[in-house]
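Peer 1: Below is the file input-v3.txt, with compact mmCIF, C-alpha atoms.
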# COMPACT_ATOMS: atom_id res chain seq x y z
CA MET A 790 -1.68 -28.39 -6.04
CA THR A 791 -1.29 -25.15 -4.15
CA GLN A 792 -3.45 -24.77 -1.07
CA PRO A 793 -5.32 -21.70 0.25
CA LEU A 794 -3.83 -19.26 2.72
CA ARG A 795 -3.35 -20.44 6.28
CA ALA A 796 -3.16 -18.23 9.35
CA SER A 797 0.08 -19.94 10.44
CA ASP A 798 1.77 -19.13 7.10
CA ILE A 799 0.71 -15.51 7.36
CA ALA A 800 2.00 -15.23 10.93
CA ALA A 801 5.35 -16.79 9.98
CA VAL A 802 5.89 -14.41 7.08
CA MET A 803 4.78 -11.27 8.88
CA ARG A 804 7.06 -11.95 11.83
CA PRO A 805 10.57 -12.59 10.45
CA PRO A 806 13.23 -14.29 12.58
CA GLU A 807 15.18 -12.34 15.18
CA ALA A 808 18.26 -12.75 12.95
CA LEU A 809 16.70 -10.30 10.48
CA ARG A 810 14.92 -8.04 12.96
CA ALA A 811 17.90 -7.22 15.23
CA LEU A 812 20.92 -6.60 13.04
CA PRO A 813 24.57 -6.69 14.17
CA ASP A 814 26.98 -3.76 13.84
CA PHE A 815 29.51 -4.22 11.05
CA VAL A 816 33.05 -4.49 12.44
CA PRO A 817 35.80 -4.61 9.78
CA GLY A 818 38.66 -7.04 10.26
CA PRO A 819 39.11 -10.76 10.89
CA LEU A 820 36.05 -12.52 12.29
CA THR A 821 36.12 -14.09 15.74
CA PRO A 822 34.74 -17.65 15.97
CA ASP A 823 31.73 -16.30 17.85
CA ARG A 824 30.96 -13.74 15.14
CA LEU A 825 31.43 -16.36 12.42
CA ALA A 826 28.96 -18.66 14.21
CA ASP A 827 26.52 -15.78 14.62
CA LEU A 828 26.62 -14.94 10.92
CA LYS A 829 26.11 -18.60 10.02
CA ARG A 830 23.12 -18.80 12.39
CA ARG A 831 21.66 -15.69 10.79
CA ALA A 832 22.13 -17.12 7.30
CA ASP A 833 20.37 -20.36 8.31
CA ALA A 834 17.47 -18.41 9.81
CA ALA A 835 17.22 -16.17 6.73
CA ARG A 836 17.24 -19.23 4.46
CA ALA A 837 14.41 -20.84 6.46
CA TYR A 838 12.45 -17.57 6.33
CA ALA A 839 12.96 -17.32 2.55
CA ALA A 840 11.61 -20.87 2.19
CA SER A 841 8.46 -20.02 4.20
CA VAL A 842 8.03 -16.85 2.12
CA ASN A 843 8.29 -18.95 -1.02
CA GLU A 844 5.49 -21.26 0.10
CA TRP A 845 3.35 -18.38 1.32
CA ALA A 846 3.80 -16.53 -2.00
CA GLY A 847 2.50 -19.56 -3.88
CA ARG A 848 -0.59 -19.60 -1.67
CA VAL A 849 -1.18 -15.86 -2.13
CA GLU A 850 -0.92 -16.11 -5.90
CA TRP A 851 -3.25 -19.12 -5.93
CA THR A 852 -5.76 -17.32 -3.70
CA ALA A 853 -5.77 -14.17 -5.82
CA ALA A 854 -6.25 -16.27 -8.95
CA GLN A 855 -9.18 -18.10 -7.32
CA ILE A 856 -10.85 -14.82 -6.42
CA ALA A 857 -10.34 -13.53 -9.96
CA ALA A 858 -11.80 -16.74 -11.40
CA GLU A 859 -14.87 -16.80 -9.14
CA ALA A 860 -15.71 -13.08 -9.02
CA THR A 861 -19.28 -12.50 -10.12
CA ALA A 862 -21.70 -9.88 -8.81
CA ASP A 863 -23.42 -12.37 -6.49
CA ALA A 864 -20.18 -13.84 -5.16
CA VAL A 865 -18.35 -10.62 -4.36
CA LEU A 866 -19.13 -10.33 -0.64
CA PRO A 867 -17.96 -13.82 0.42
CA LEU A 868 -14.86 -13.55 -1.78
CA GLU A 869 -14.14 -10.10 -0.39
CA ARG A 870 -13.43 -11.55 3.07
CA THR A 871 -10.34 -13.24 1.67
CA ALA A 872 -9.46 -10.26 -0.50
CA ILE A 873 -9.47 -8.06 2.61
CA THR A 874 -6.97 -10.45 4.19
CA LEU A 875 -4.73 -9.97 1.14
CA LEU A 876 -5.15 -6.21 1.45
CA TRP A 877 -4.35 -6.33 5.15
CA MET A 878 -1.21 -8.33 4.38
CA ALA A 879 -0.15 -5.81 1.74
CA ARG A 880 -0.53 -2.89 4.16
CA SER A 881 1.06 -4.81 7.00
CA ALA A 882 4.01 -5.92 4.84
CA GLU A 883 4.57 -2.38 3.70
CA GLY A 884 4.41 -0.97 7.24
CA THR A 885 6.24 -3.73 9.10
CA LEU A 886 8.62 -5.39 6.67
CA GLY A 887 9.38 -2.23 4.67
CA PRO A 888 11.40 -0.61 7.50
CA MET A 889 13.21 -3.92 8.15
CA LEU A 890 14.13 -4.13 4.48
CA GLU A 891 15.48 -0.56 4.65
CA ARG A 892 17.59 -1.37 7.71
CA CYS A 893 19.06 -4.45 5.99
CA ALA A 894 19.82 -2.40 2.86
CA GLU A 895 21.48 0.34 4.96
CA LEU A 896 23.72 -2.20 6.70
CA ARG A 897 24.64 -3.73 3.37
CA GLY A 898 25.53 -0.21 2.13
CA ARG A 899 27.75 0.44 5.16
CA ILE A 900 29.52 -2.89 4.64
CA ALA A 901 30.07 -2.08 0.96
CA GLU A 902 31.90 1.13 1.91
CA SER A 903 34.79 -0.57 3.69
CA ALA A 904 34.62 -4.37 3.49
CA THR A 905 37.19 -6.53 1.74
CA GLU A 906 35.91 -9.12 -0.71
CA GLU A 907 36.14 -11.85 1.94
CA GLU A 908 34.35 -9.72 4.58
CA TRP A 909 31.64 -8.87 2.06
CA ALA A 910 30.97 -12.55 1.40
CA GLN A 911 30.91 -13.40 5.10
CA TRP A 912 28.73 -10.51 6.22
CA THR A 913 26.16 -10.09 3.48
CA GLY A 914 24.96 -13.68 2.93
CA PHE A 915 22.07 -13.41 5.39
CA LEU A 916 21.35 -9.81 4.38
CA GLU A 917 20.90 -10.69 0.69
CA LEU A 918 18.53 -13.52 1.62
CA GLY A 919 16.56 -11.26 3.97
CA ILE A 920 16.31 -8.36 1.53
CA ALA A 921 15.08 -10.63 -1.26
CA ALA A 922 12.54 -12.31 1.04
CA PHE A 923 11.17 -9.00 2.39
CA GLN A 924 10.86 -7.58 -1.11
CA ARG A 925 9.06 -10.72 -2.27
CA VAL A 926 6.51 -10.50 0.56
CA ILE A 927 5.83 -6.83 -0.13
CA ASP A 928 5.52 -7.31 -3.91
CA THR A 929 3.48 -10.52 -3.72
CA ALA A 930 0.99 -9.19 -1.18
CA GLU A 931 0.50 -5.97 -3.15
CA ALA A 932 0.11 -7.79 -6.47
CA GLY A 933 -2.26 -10.38 -4.98
CA SER A 934 -4.40 -7.72 -3.34
CA ARG A 935 -4.55 -5.63 -6.52
CA ARG A 936 -5.48 -8.61 -8.67
CA ALA A 937 -8.22 -9.71 -6.28
CA PHE A 938 -9.80 -6.28 -5.89
CA ALA A 939 -9.54 -5.52 -9.61
CA ALA A 940 -11.66 -8.63 -10.23
CA LEU A 941 -14.15 -7.75 -7.48
CA TYR A 942 -14.43 -4.19 -8.76
CA GLN A 943 -15.10 -5.43 -12.26
CA ALA A 944 -17.83 -7.75 -10.94
CA ALA A 945 -19.52 -5.17 -8.67
CA PRO A 946 -18.21 -1.62 -9.17
CA THR A 947 -20.98 -0.05 -7.08
CA LEU A 948 -19.53 -1.67 -3.96
CA TYR A 949 -16.42 0.48 -4.39
CA PRO A 950 -17.66 4.02 -5.05
CA GLY A 951 -14.20 5.49 -4.32
CA GLY A 952 -12.42 3.01 -6.57
CA ILE A 953 -9.90 0.45 -5.33
CA ASP A 954 -6.63 2.38 -5.31
CA ASN A 955 -6.73 3.56 -1.70
CA LEU A 956 -8.65 0.87 0.11
CA ASP A 957 -8.15 0.51 3.84
CA PRO A 958 -8.76 -3.01 5.18
CA GLU A 959 -10.08 -1.85 8.56
CA ARG A 960 -12.51 0.59 6.97
CA LEU A 961 -13.70 -2.06 4.54
CA ARG A 962 -14.33 -4.45 7.43
CA ASP A 963 -16.30 -1.72 9.21
CA GLU A 964 -18.40 -1.10 6.12
CA ARG A 965 -19.14 -4.78 5.56
CA ALA A 966 -19.72 -5.65 9.23
CA VAL A 967 -23.09 -3.98 9.28
CA TYR A 968 -24.30 -6.19 6.41
CA VAL A 969 -23.02 -9.32 8.13
CA TYR A 970 -24.94 -8.34 11.27
CA GLN A 971 -28.02 -7.48 9.23
CA ALA A 972 -28.17 -11.04 7.85
CA PHE A 973 -27.93 -12.65 11.29
CA VAL A 974 -30.36 -10.20 12.90
CA ALA A 975 -32.92 -11.27 10.29
CA GLN A 976 -32.36 -14.92 11.23
CA GLU A 977 -32.15 -14.61 15.02
CA LEU A 978 -34.61 -11.76 15.68
CA GLY A 979 -36.83 -12.21 12.65
CA LEU A 980 -36.69 -8.44 12.15
CA GLU A 981 -35.74 -6.19 9.27
CA SER A 982 -32.93 -3.75 9.75
CA GLU A 983 -31.02 -1.12 7.85
CA PRO A 984 -27.40 0.06 7.85
CA MET A 985 -26.96 3.50 9.38
CA GLY A 986 -24.10 5.72 10.42
CA GLN A 987 -23.77 8.14 13.30
CA SER A 988 -21.12 10.83 13.22
CA PHE A 989 -19.89 12.70 16.25
CA GLY A 990 -17.40 15.17 14.84
CA ASP A 991 -14.74 13.09 13.11
CA ASP A 992 -15.87 9.92 14.83
CA LEU A 993 -18.07 7.73 12.64
CA PHE A 994 -19.93 4.84 14.21
CA ARG A 995 -21.52 2.12 12.08
CA VAL A 996 -24.99 1.35 13.38
CA LEU A 997 -27.61 -1.23 12.49
CA GLY A 998 -31.08 0.27 12.77
CA ILE A 999 -33.40 -2.59 13.79
CA HIS A 1000 -37.10 -2.15 13.06
CA VAL A 1001 -39.02 -3.37 16.11
CA PRO A 1002 -42.81 -3.81 16.36
CA PRO A 1003 -44.60 -0.59 17.39
CA GLY A 1004 -45.12 -0.37 21.12
CA THR A 1005 -42.12 -2.56 22.01
CA ASP A 1006 -40.99 -1.28 25.40
CA LYS A 1007 -37.22 -1.22 25.98
CA PRO A 1008 -36.35 -3.28 22.90
CA HIS A 1009 -32.69 -3.49 23.98
CA ARG A 1010 -33.86 -5.59 26.94
CA VAL A 1011 -36.33 -7.63 24.91
CA TYR A 1012 -33.75 -8.53 22.26
CA ARG A 1013 -30.48 -8.60 24.22
CA GLU A 1014 -30.25 -12.39 24.45
CA ALA A 1015 -31.04 -12.70 20.75
CA LEU A 1016 -28.34 -10.10 20.00
CA ASP A 1017 -25.90 -12.17 22.07
CA ARG A 1018 -26.67 -15.06 19.71
CA VAL A 1019 -26.17 -12.74 16.72
CA HIS A 1020 -22.74 -11.76 18.01
CA ALA A 1021 -21.85 -15.41 18.57
CA ARG A 1022 -22.86 -16.32 15.02
CA VAL A 1023 -20.91 -13.39 13.56
CA ARG A 1024 -17.81 -14.45 15.55
CA GLU A 1025 -18.22 -17.95 14.16
CA ALA A 1026 -18.88 -16.96 10.54
CA GLY A 1027 -16.58 -13.94 10.24
CA PRO A 1028 -14.75 -13.04 13.44
CA GLU A 1029 -13.10 -10.04 11.82
CA PHE A 1030 -16.52 -8.34 11.58
CA ALA A 1031 -17.61 -8.91 15.20
CA GLY A 1032 -18.01 -6.05 17.66
CA ARG A 1033 -17.69 -3.31 15.07
CA ILE A 1034 -21.20 -1.87 15.16
CA GLY A 1035 -23.81 -0.35 17.44
CA PHE A 1036 -27.56 -0.79 17.48
CA GLU A 1037 -30.52 1.57 17.24
CA PHE A 1038 -34.04 0.27 17.68
CA LEU A 1039 -36.46 1.90 15.26
CA ARG A 1040 -40.19 2.23 15.81
CA GLY A 1041 -41.71 3.48 12.58
CA ASN A 1042 -39.31 6.12 11.36
CA HIS A 1043 -38.06 7.15 14.78
CA ALA A 1044 -35.07 5.83 16.69
CA SER A 1045 -35.67 4.96 20.33
CA MET B 734 -13.84 1.40 43.66
CA ARG B 735 -14.79 -1.35 41.24
CA PRO B 736 -16.41 -1.11 37.77
CA GLU B 737 -19.43 -2.88 39.28
CA ASP B 738 -19.93 0.12 41.59
CA LEU B 739 -20.22 2.40 38.56
CA ILE B 740 -22.86 0.13 37.05
CA ALA B 741 -24.77 0.16 40.34
CA ALA B 742 -24.56 3.97 40.28
CA ALA B 743 -26.00 3.96 36.76
CA GLU B 744 -28.89 1.78 38.00
CA SER B 745 -29.57 4.34 40.73
CA LEU B 746 -29.42 7.25 38.31
CA LEU B 747 -32.02 5.62 36.04
CA ALA B 748 -34.42 4.58 38.81
CA GLY B 749 -37.80 6.32 38.68
CA THR B 750 -38.12 9.00 36.03
CA PRO B 751 -34.62 10.24 35.27
CA GLY B 752 -33.93 13.60 33.66
CA GLU B 753 -31.68 13.92 30.63
CA ALA B 754 -28.65 14.79 32.78
CA GLN B 755 -29.10 11.58 34.80
CA CYS B 756 -29.44 9.60 31.56
CA ARG B 757 -26.20 11.05 30.21
CA LEU B 758 -24.33 10.42 33.46
CA ALA B 759 -25.60 6.83 33.58
CA ALA B 760 -24.34 6.11 30.04
CA GLN B 761 -20.98 7.68 30.90
CA ALA B 762 -20.73 5.56 34.05
CA CYS B 763 -21.44 2.40 32.06
CA TYR B 764 -18.76 3.28 29.53
CA THR B 765 -16.21 4.12 32.23
CA ALA B 766 -16.90 0.76 33.87
CA ALA B 767 -16.42 -0.93 30.49
CA LEU B 768 -13.16 0.94 29.88
CA HIS B 769 -11.71 -0.11 33.23
CA MET B 770 -12.84 -3.70 32.76
CA ALA B 771 -11.39 -3.97 29.26
CA ALA B 772 -8.11 -2.04 29.60
CA PRO B 773 -6.07 -4.66 31.53
CA HIS B 774 -6.99 -7.28 28.94
CA VAL B 775 -5.76 -5.19 26.00
CA GLY B 776 -2.58 -3.85 27.59
CA VAL B 777 -3.67 -0.24 28.12
CA ASP B 778 -2.80 1.71 31.26
CA VAL B 779 -5.92 3.82 31.71
CA GLY B 780 -4.28 6.11 34.26
CA ARG B 781 -1.26 7.01 32.15
CA ASP B 782 -2.04 6.48 28.49
CA PRO B 783 -3.16 9.75 26.82
CA VAL B 784 -4.95 7.88 24.01
CA ARG B 785 -6.56 5.30 26.29
CA HIS B 786 -10.05 5.54 24.78
CA ALA B 787 -8.97 5.03 21.17
CA LYS B 788 -6.56 2.23 22.05
CA VAL B 789 -9.07 0.25 24.08
CA ARG B 790 -11.79 0.77 21.48
CA THR B 791 -9.55 -0.39 18.63
CA ALA B 792 -8.32 -3.40 20.57
CA MET B 793 -11.83 -4.46 21.58
CA ARG B 794 -13.27 -4.16 18.06
CA THR B 795 -10.40 -6.17 16.60
CA ALA B 796 -10.23 -8.68 19.51
CA ARG B 797 -6.56 -7.97 20.21
CA PHE B 798 -6.20 -9.24 23.75
CA THR B 799 -2.96 -9.62 25.67
CA GLY B 800 -3.91 -13.16 26.72
CA THR B 801 -6.94 -15.40 26.71
CA PRO B 802 -9.69 -13.12 28.04
CA PRO B 803 -12.38 -14.31 30.47
CA ARG B 804 -15.89 -14.84 29.19
CA HIS B 805 -17.27 -11.48 30.36
CA ILE B 806 -14.58 -9.59 28.43
CA LEU B 807 -15.57 -11.44 25.26
CA VAL B 808 -19.17 -10.38 25.90
CA LEU B 809 -17.98 -6.82 26.51
CA ALA B 810 -16.09 -6.89 23.19
CA ASN B 811 -19.43 -7.43 21.44
CA TYR B 812 -20.91 -4.24 22.90
CA PHE B 813 -17.92 -1.98 23.54
CA GLU B 814 -18.34 -0.13 20.22
CA ASP B 815 -21.95 0.68 21.06
CA LEU B 816 -21.01 1.76 24.60
CA ALA B 817 -18.36 4.07 23.09
CA ARG B 818 -20.95 5.50 20.72
CA LEU B 819 -23.48 6.12 23.49
CA ARG B 820 -20.81 7.70 25.70
CA GLN B 821 -19.62 9.93 22.86
CA HIS B 822 -23.19 11.12 22.38
CA ALA B 823 -23.91 11.55 26.11
CA GLU B 824 -20.70 13.31 27.02
CA TYR B 825 -19.88 15.60 24.12
CA TRP B 826 -23.08 16.35 22.23
CA PRO B 827 -25.48 18.15 24.59
CA ASP B 828 -27.51 19.58 21.71
CA ILE B 829 -28.54 16.14 20.46
CA PRO B 830 -31.23 14.78 22.83
CA PHE B 831 -30.22 11.74 24.87
CA ASP B 832 -33.18 9.85 26.26
CA ALA B 833 -33.75 7.22 28.96
CA ASP B 834 -33.94 4.39 26.41
CA HIS B 835 -30.42 5.16 25.19
CA ALA B 836 -29.12 5.26 28.76
CA ASP B 837 -30.91 2.02 29.61
CA GLN B 838 -29.43 0.44 26.49
CA ALA B 839 -25.91 1.15 27.79
CA LEU B 840 -26.92 -0.24 31.18
CA GLU B 841 -28.46 -3.36 29.64
CA TRP B 842 -25.24 -4.14 27.75
CA MET B 843 -23.31 -3.88 31.02
CA ARG B 844 -25.87 -6.05 32.85
CA GLY B 845 -25.11 -8.73 30.27
CA VAL B 846 -21.38 -8.30 30.88
CA LEU B 847 -21.82 -8.62 34.65
CA ALA B 848 -24.01 -11.70 34.18
CA ALA B 849 -21.11 -13.36 32.35
CA VAL B 850 -18.55 -12.70 35.10
CA GLY B 851 -17.23 -16.00 36.44
CA ARG B 852 -19.18 -18.08 33.90
Give the structure from the file, written as structure tokens.
Peer 2:
Amino acid sequence: MTQPLRASDIAAVMRPPEALRALPDFVPGPLTPDRLADLKRRADAARAYAASVNEWAGRVEWTAAQIAAEATADAVLPLERTAITLLWMARSAEGTLGPMLERCAELRGRIAESATEEEWAQWTGFLELGIAAFQRVIDTAEAGSRRAFAALYQAAPTLYPGGIDNLDPERLRDERAVYVYQAFVAQELGLESEPMGQSFGDDLFRVLGIHVPPGTDKPHRVYREALDRVHARVREAGPEFAGRIGFEFLRGNHAS
Amino acid sequence: MRPEDLIAAAESLLAGTPGEAQCRLAAQACYTAALHMAAPHVGVDVGRDPVRHAKVRTAMRTARFTGTPPRHILVLANYFEDLARLRQHAEYWPDIPFDADHADQALEWMRGVLAAVGR
């Protein structure tokens, strides 16, 4: 049975081996023993990378299918944490692995212009493996992310007022963080709160407005230790949401 | 000069009945102290990097540290976003009132950071 995504798998896939990140210059002609050994080392590294991509892809597909199967209106927010990871991987793969794929394809093109049949076979083995692996990561992450968010959107369309075509993982985490904090503020402070935003020019800050009892003097001092506990619980439950918001203390309808 | 000196200066500015200018300066001092405390742990050269504020803020909110940070930097990461917000308000938006409670909030977050130093 396929297992869920693991941080170590993600890290391995998003950081390909040096053999694929720093490419050699193509030099036509007979290969020196050193060059031959280097190309073999690169092919071995590319093969190992392709194997880790293969396992990771199975986990991504399984994860996206799980999200699609479990997506109901009440389950969207917990499932979305994992979906955001898929989205982050899709954007990261596009931005990080995309340029590496292009560089591999360019080198393969340069080799094709002048290589003999034997040179072609010797030089392009690791490139073909690398290009296929990069493309698989990019396609799998994108497809997994799309499948997951399509299911979440279908279950709770109001959570995605701008649709799901141009989602940004960091912005989504910002938007959700305030709700994560709201839940823990209710538990640790026993107070109601409401999501707010504060814009200074183009700079938008997410803020949790905490309703404090009337007459509370310097509520930031009164509640600081409790807020420390809130932060600790957010870091434990969803570290990606921690430290993304500010706090206003509300007395009646007025911020203090 | 150390970041702690800036926090002490903020305490002085807010002693008694501070005016709005003192409140704004105190919040700015707290943020500057936070920036200098955080920057070495997120790989930003505050003196040379032209986008120092954005880089430190992004790194702190996403917990991207260059190594294992000490306890007080983890506490600072919890409040850095709010310190950045209060500084933004205090420094660039003179038409939006900035009161003593907001300044004291910035100071209180930094008191918590200082209390965690060496723990």
Peer 1: Counting all atoms listed in the file, what is within 8 Å of Leu840 of chain B, bar same-chain residues fewer than 5 positions away, as an NGL selection string?
Peer 2: :B and (740 or 743-744 or 759-760 or 763)
Peer 1: Enumerate, as a ChimeraX atom specification, the protein, DNA and RNA residues whose atoms approach (5.4, -1.9, 2.1) to within 12 Å, taking into account all atoms listed in the file and the coordinate frame of the file.
Peer 2: /A:803,876-891,923-932
Peer 1: Mind pulling up the distance from atom CA of Arg897 of chain A to atom CA of Trp909 of chain A?
Peer 2: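 Result for atom CA of Trp909 of chain A versus atom CA of Arg897 of chain A: 8.8 Å, one decimal.
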Peer 1: Can you work out the spacing between atom CA of Asp1006 of chain A and atom CA of Gln755 of chain B in Å, to one decimal?
Peer 2: 19.9 Å
Peer 1: List as CSV every residue of chain A that is in contact with chain B, defined as an atom at most 6 Å from one of its atoms (using all atoms listed in the file), together with the nearest atom pair and the distance in Å rounded to one decimal, sorted by chain and then rising number.
Peer 2:
residue,atom,partner,partner_atom,distance
A:His1009,CA,B:Gln838,CA,5.7
A:Gly1032,CA,B:Asn811,CA,4.3
A:Arg1033,CA,B:Arg794,CA,5.4
A:Gly1035,CA,B:Asp815,CA,4.2
Peer 1: State, in Å with one decimal place, the distance from atom CA of Ala864 of chain A to atom CA of Ala939 of chain A.
Peer 2: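 That distance, rounded to one decimal, is 14.2 Å.
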Peer 1: Using all atoms listed in the file, which protein or nucleic acid residues come within 9 Å of Pro817 of chain A? Drop anything in the same chain fewer than 4 positions from it, and give the result as an mmCIF file with C-alpha atoms, keeping the file's coordinate frame.
Peer 2:
data_model
loop_
_atom_site.group_PDB
_atom_site.id
_atom_site.type_symbol
_atom_site.label_atom_id
_atom_site.label_comp_id
_atom_site.auth_asym_id
_atom_site.auth_seq_id
_atom_site.Cartn_x
_atom_site.Cartn_y
_atom_site.Cartn_z
ATOM 1 C CA ILE A 900 29.520 -2.890 4.640
ATOM 2 C CA SER A 903 34.790 -0.570 3.690
ATOM 3 C CA ALA A 904 34.620 -4.370 3.490
ATOM 4 C CA THR A 905 37.190 -6.530 1.740
ATOM 5 C CA GLU A 908 34.350 -9.720 4.580
#
Peer 1: Using all atoms listed in the file, which residue out of A:Leu961, A:Val865, A:Leu896, A:Leu1039 lies closest to Ala811 of chain A?
Peer 2: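 Once distances to Ala811 of chain A are computed over all atoms listed in the file, the minimum belongs to A:Leu896.
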Peer 1: When you look at Ala872 of chain A with a cut-off of 7 Å (counting only C-alpha atoms), what residues show up, excluding the ones that are within fewer than 3 positions of it in the same chain? I need them as a list of chain:residue names.
Peer 2: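 In the requested format, the answer is A:Leu868, A:Glu869, A:Leu875, A:Leu876, A:Ser934, A:Ala937, A:Phe938.
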Peer 1: Neighbours of segment 770-775 of chain B within 10 Å (all atoms listed in the file; same-chain residues fewer than 4 positions away dropped), as a VMD selection string?
Peer 2: chain B and resid 735 to 737 764 to 766 779 785 to 786 788 to 793 796 to 803 805 to 807 809 to 810 813 846
Peer 1: Tell me which of A:Gln987, A:Leu978, A:Phe1030, A:Gln911 sits closest to Leu820 of chain A, counting only C-alpha atoms.
Peer 2: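 Once distances to Leu820 of chain A are computed over only C-alpha atoms, the minimum belongs to A:Gln911.
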Peer 1: Give the answer as one residue: which of A:Pro1002, A:Gly919, A:Gln943, A:Gly1027 has the shortest atom-to-atom distance to Tyr968 of chain A, using all atoms listed in the file?
Peer 2: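 For Tyr968 of chain A, the nearest of the given residues is A:Gly1027.
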Peer 1: Please write as a list in words the list of polymer residues whose atoms come within 9 Å of (-17.9, -7.9, -8.9), counting all atoms listed in the file and keeping to the coordinates of the file.
Peer 2: Ala860, Thr861, Ala862, Asp863, Ala864, Val865, Leu866, Phe938, Ala939, Ala940, Leu941, Tyr942, Gln943, Ala944, Ala945, Pro946, Thr947 and Leu948 of chain A
Peer 1: Do a neighbour search on Ala840 of chain A at 12 Å with all atoms listed in the file, toss out local chain neighbours closer than 5 positions, and write the hits as a list in words.
Peer 2: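 Near Ala840 of chain A, the qualifying residues are Asp798, Ala801, Val802, Pro805, Asp833, Ala834, Ala835, Trp845, Ala846, Gly847, Leu918, Gly919, Ala921, Ala922, Phe923, Arg925 and Val926 of chain A.
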Peer 1: Place N, CA and C atoms on segment 789-803 of chain B and deliver the coordinates as a CSV table (one decimal), in the coordinates of the input.
Peer 2:
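Output (part_23.csv):
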chain,number,residue,atom,x,y,z
B,789,VAL,N,-8.2,1.3,23.6
B,789,VAL,CA,-9.1,0.2,24.1
B,789,VAL,C,-10.2,-0.1,23.1
B,790,ARG,N,-10.7,1.0,22.5
B,790,ARG,CA,-11.8,0.8,21.5
B,790,ARG,C,-11.3,-0.1,20.3
B,791,THR,N,-10.1,0.3,19.8
B,791,THR,CA,-9.6,-0.4,18.6
B,791,THR,C,-9.3,-1.8,19.0
B,792,ALA,N,-8.7,-2.0,20.2
B,792,ALA,CA,-8.3,-3.4,20.6
B,792,ALA,C,-9.6,-4.3,20.8
B,793,MET,N,-10.6,-3.7,21.3
B,793,MET,CA,-11.8,-4.5,21.6
B,793,MET,C,-12.5,-4.8,20.3
B,794,ARG,N,-12.6,-3.9,19.3
B,794,ARG,CA,-13.3,-4.2,18.1
B,794,ARG,C,-12.5,-5.1,17.2
B,795,THR,N,-11.2,-5.2,17.4
B,795,THR,CA,-10.4,-6.2,16.6
B,795,THR,C,-10.0,-7.4,17.4
B,796,ALA,N,-10.5,-7.5,18.6
B,796,ALA,CA,-10.2,-8.7,19.5
B,796,ALA,C,-8.7,-8.9,19.7
B,797,ARG,N,-8.0,-7.8,19.9
B,797,ARG,CA,-6.6,-8.0,20.2
B,797,ARG,C,-6.3,-7.9,21.7
B,798,PHE,N,-6.4,-9.1,22.3
B,798,PHE,CA,-6.2,-9.2,23.8
B,798,PHE,C,-4.8,-9.6,24.1
B,799,THR,N,-4.3,-9.3,25.3
B,799,THR,CA,-3.0,-9.6,25.7
B,799,THR,C,-2.8,-11.1,26.1
B,800,GLY,N,-3.9,-11.7,26.4
B,800,GLY,CA,-3.9,-13.2,26.7
B,800,GLY,C,-5.3,-13.7,26.4
B,801,THR,N,-5.6,-14.9,26.9
B,801,THR,CA,-6.9,-15.4,26.7
B,801,THR,C,-7.9,-14.7,27.7
B,802,PRO,N,-8.8,-13.9,27.1
B,802,PRO,CA,-9.7,-13.1,28.0
B,802,PRO,C,-10.8,-14.0,28.7
B,803,PRO,N,-11.2,-13.6,29.9
B,803,PRO,CA,-12.4,-14.3,30.5
B,803,PRO,C,-13.7,-14.1,29.7
